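Here the structure comes first, spelled out in structure tokens, and everything after it is commentary.
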Amino acid sequence: MKFCTYTLIDNSPDPISGVQLTPSERFRRVVQQAQWAEELGFDAYGVGERHAQRFISSSPPVVLSYIAAVTSRIRLLTTVTVLSLLDPVRVAEDYATLDQLSGGRLDIIIGKGNDPEQNALFGYELDGQWDRNREKYELLRRLLRETGVSWSGRYRPALTDATTQPRPYRPDGIPLWHGSASSTESTELAARWGDPLFSANGFHPLEKYAGLIRHYRERWEAYGRDPAAAVVGAGFNGLYVKKTSQEAVEGYRPIFDAFMDSPGARHNQLPFRTLEEFLDGGSVLVGSPEQVIDKFGRYQDAFGHELSGISLEVPGLPEEDNRESVETFVTEVMPVLRTSYPSRVWA
């Protein structure tokens, strides 16, 4: 198993203490977190993209370029690049520049986005999001792999013999993944082009995401590909590891209460009403090391994933408590999972 961690750079006040960081302080925390993730042995660090509300992650290539300069090994991810809103030419240029600066450490995860306010900001209607995502992906794919691209479509001016600069660090371009949260549109596009899939696995029970991953594998095979060649990643909606389950559950209870009152939980219409329902039916990893290993195994059995996303941020949790939880996960859980579940990702 390989492990990544990531952030959307939510700059809301702390839901329990009420402390509000300045944007400069929040960005410094992100950079420090990426350095810490490298020290802990995580395989990749991701920055998501949002253009609305409380998030300040509107420019992932800038943030990731800074992180590339202060790290040496950890891979860099976009989690996700909201391609439905962007010009693929600009995306190819920005991320090829980052890829060169980082020595080829970049993977791009694309998606249509999960915030309706972003579309209005860029002058788009909600209708057509998936068509824009598909068309722009197909152009981006060519721009990162080919020179002299001639192309025409609905959502940007045509190109004739176009070559974006700089070129990616590697001759075969930058690895492209598809972020999947709620629709078979993403799984279909990933299967059609033979690309890996990353499941958000965030706000709903296991079966919702397992069904999307099954669809991806079925469509992968329908396109004539070897089913064994499909690669899947999956995120988890929170982490809190203590020596005993009782400590973990009681320590996480105020965190859950604050989470349920958050804009993200309301927007995504969580089906859970109590902490016990959330722990039983959601993907959050809360408990003793043994419990976390067992729950992780249930998800791996269902998904067959080879890359796991674990956020190092737990809004409302005191920093010292959070660091202790993460370090327990890294020392007592991660080695077991790495040994138990082989991965071809970044081999």
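Naming scheme: A, B, ... for chains in displayed order of the structure tokens; residues 1 onward per chain; ligands 1 onward as shown.
Near A:Glu327, within a cut-off of 12 Å and counting only C-alpha atoms, sit the residues Trp36, Ala37, Glu39, Leu40, Gly41, Phe42, Leu239, Tyr240, Val241, Lys242, Lys243, Pro289, Leu312, Glu320, Asp321, Val333, Met334 and Pro335 of chain A, with same-chain residues fewer than 6 positions away left out.
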(request) Would you mind listing what lies within 7 Å of stretch 88-101 of chain A as a PyMOL selection string, with only C-alpha atoms counted and same-chain residues fewer than 3 positions away left out? (result) chain A and resi 61+65+104-106+136+139-140+143-144+164-169
(message) With only C-alpha atoms as the counted atoms, please give the residues lying no more than 10 Å from A:Gln129, apart from itself and same-chain residues fewer than 6 positions off, as an MDAnalysis selection string.
(response) chainID A and resid 83:85 111:113 119
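A straight line drawn from atom CA of A:Arg28 to atom CA of A:Gly179 is 26.5 Å long.
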(message) When you look at A:Cys4 with a cut-off of 10 Å (counting only C-alpha atoms), what residues show up, excluding the ones that are within fewer than 5 positions of it in the same chain? I need them as an MDAnalysis selection string.
(response) chainID A and resid 37:38 41:46 74:77 233:235 307:312
